[in-house]
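Asker: Supplied in structure tokens, the structure appears directly below.
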Amino acid sequence: MNGLTPSLDQLVAQLRILIPIIGTVICAFGWVSSDRMGPIVSNILISLGPISYIATSVWSFIANSRASIMAAAAKPVDANTPPPQIVLPVQEAALAQILPDNVNTTETKKVISK
């Protein structure tokens with residue numbers, strides 16, 4: 001995570017500020033009466049916590065998948081460093097096909113062991 005990426009707590013805090021603002025604008029334009037908007041905003045704010053935890057769980061499964069981890073490992077450290085050569089077992093040939101060119105299998109790359 002870089003310094004510009006907001007944390008989950010920051011996103012939830014922003015939503016807690018924005019939801020009442022949006023509710024106020026909707027009432028000001030007369031789209032929904034203020035009597036009905038109070039409970040709507042309250043219910044949205046109450047459900048925000050559980051929804052954010054579910055979204056975090058789904059993102060965790062995606063970000064920690066084998067393909068995601070290998071794609072991150074295949075990236076070069078910086079512009080002056082060549083990308084690492086990653087050799088996967090033959091059983092992961094399908095995964096190697098969808099990753100960058102520096103990810104191969106033992107079928108396409110000879111591995112020398114001492």
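Please note that chains go A, B, ... in the order of the structure tokens, that every chain numbers its residues from 1, and that ligands are numbered from 1 in the order shown.
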Give me every strand (DSSP E) residue in stretch 1-111 of chain A, going by DSSP on the backbone, as a compact mmCIF listing (two decimals) with N, CA and C atoms, in the first residue's frame.

Answerer:
```txt
# COMPACT_ATOMS: atom_id res chain seq x y z
N ILE A 86 10.88 -16.37 -12.58
CA ILE A 86 10.14 -17.26 -11.69
C ILE A 86 9.82 -18.53 -12.46
N VAL A 87 10.16 -19.65 -11.85
CA VAL A 87 9.91 -20.95 -12.48
C VAL A 87 8.93 -21.72 -11.59
N LEU A 88 7.78 -22.02 -12.16
CA LEU A 88 6.74 -22.76 -11.46
C LEU A 88 6.77 -24.22 -11.86
N VAL A 103 7.60 -15.41 -16.02
CA VAL A 103 7.11 -16.55 -15.22
C VAL A 103 6.98 -17.73 -16.17
N ASN A 104 7.74 -18.79 -15.89
CA ASN A 104 7.75 -19.98 -16.73
C ASN A 104 7.50 -21.21 -15.88
N THR A 105 7.46 -22.35 -16.53
CA THR A 105 7.35 -23.62 -15.81
C THR A 105 8.62 -24.41 -16.03
```

Asker: Of the candidates A:Lys75, A:Val12, A:Ile69, A:Pro89, which one gets nearest to A:Pro50 if we count only C-alpha atoms?

Answerer: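 Of the candidates, the smallest distance to A:Pro50 is held by A:Val12.
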
Asker: Calculate how many Å separate atom CA of A:Gln97 from atom CA of A:Ala67, rounding to one decimal.

Answerer: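 Interatomic distance, atom CA of A:Gln97 to atom CA of A:Ala67: 10.6 Å.
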
Asker: List every residue of chain A that DSSP, applied to the backbone of this structure, assigns to helix (DSSP H, G or I), and report them as a PyMOL selection string.

Answerer: chain A and resi 8-28+34-63+66-73+90-98

Asker: Excluding same-chain residues fewer than 2 positions from A:Ala96, what lies within 12 Å of it counting only C-alpha atoms, as a list in words?

Answerer: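 Skipping anything fewer than 2 positions along the chain leaves Arg66, Ala67, Ser68, Met70, Ala71, Ala74, Gln85, Ile86, Val87, Leu88, Pro89, Val90, Gln91, Glu92, Ala93, Ala94, Ile98, Leu99, Pro100, Asp101, Asn102, Val103, Asn104, Thr105, Thr106, Glu107, Thr108 and Lys109 of chain A.
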
Asker: Can you list, as a list in words, every protein, DNA or RNA residue that comes within 8 Å of stretch 14-20 of chain A when you count only C-alpha atoms, leaving out same-chain residues fewer than 4 positions away?

Answerer: Gln10, Thr24, Val41, Ile44 and Leu45 of chain A

Asker: Provide the atom CA of A:Asp9 to atom CA of A:Met37 distance in Å, to one decimal place.

Answerer: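 If I compute the distance from atom CA of A:Asp9 to atom CA of A:Met37, I get 25.1 Å.
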
Asker: Quick one: distance from atom CA of A:Ile40 to atom CA of A:Ala55 in Å, one decimal?

Answerer: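 Taking atom CA of A:Ile40 and atom CA of A:Ala55, their separation equals 21.3 Å.
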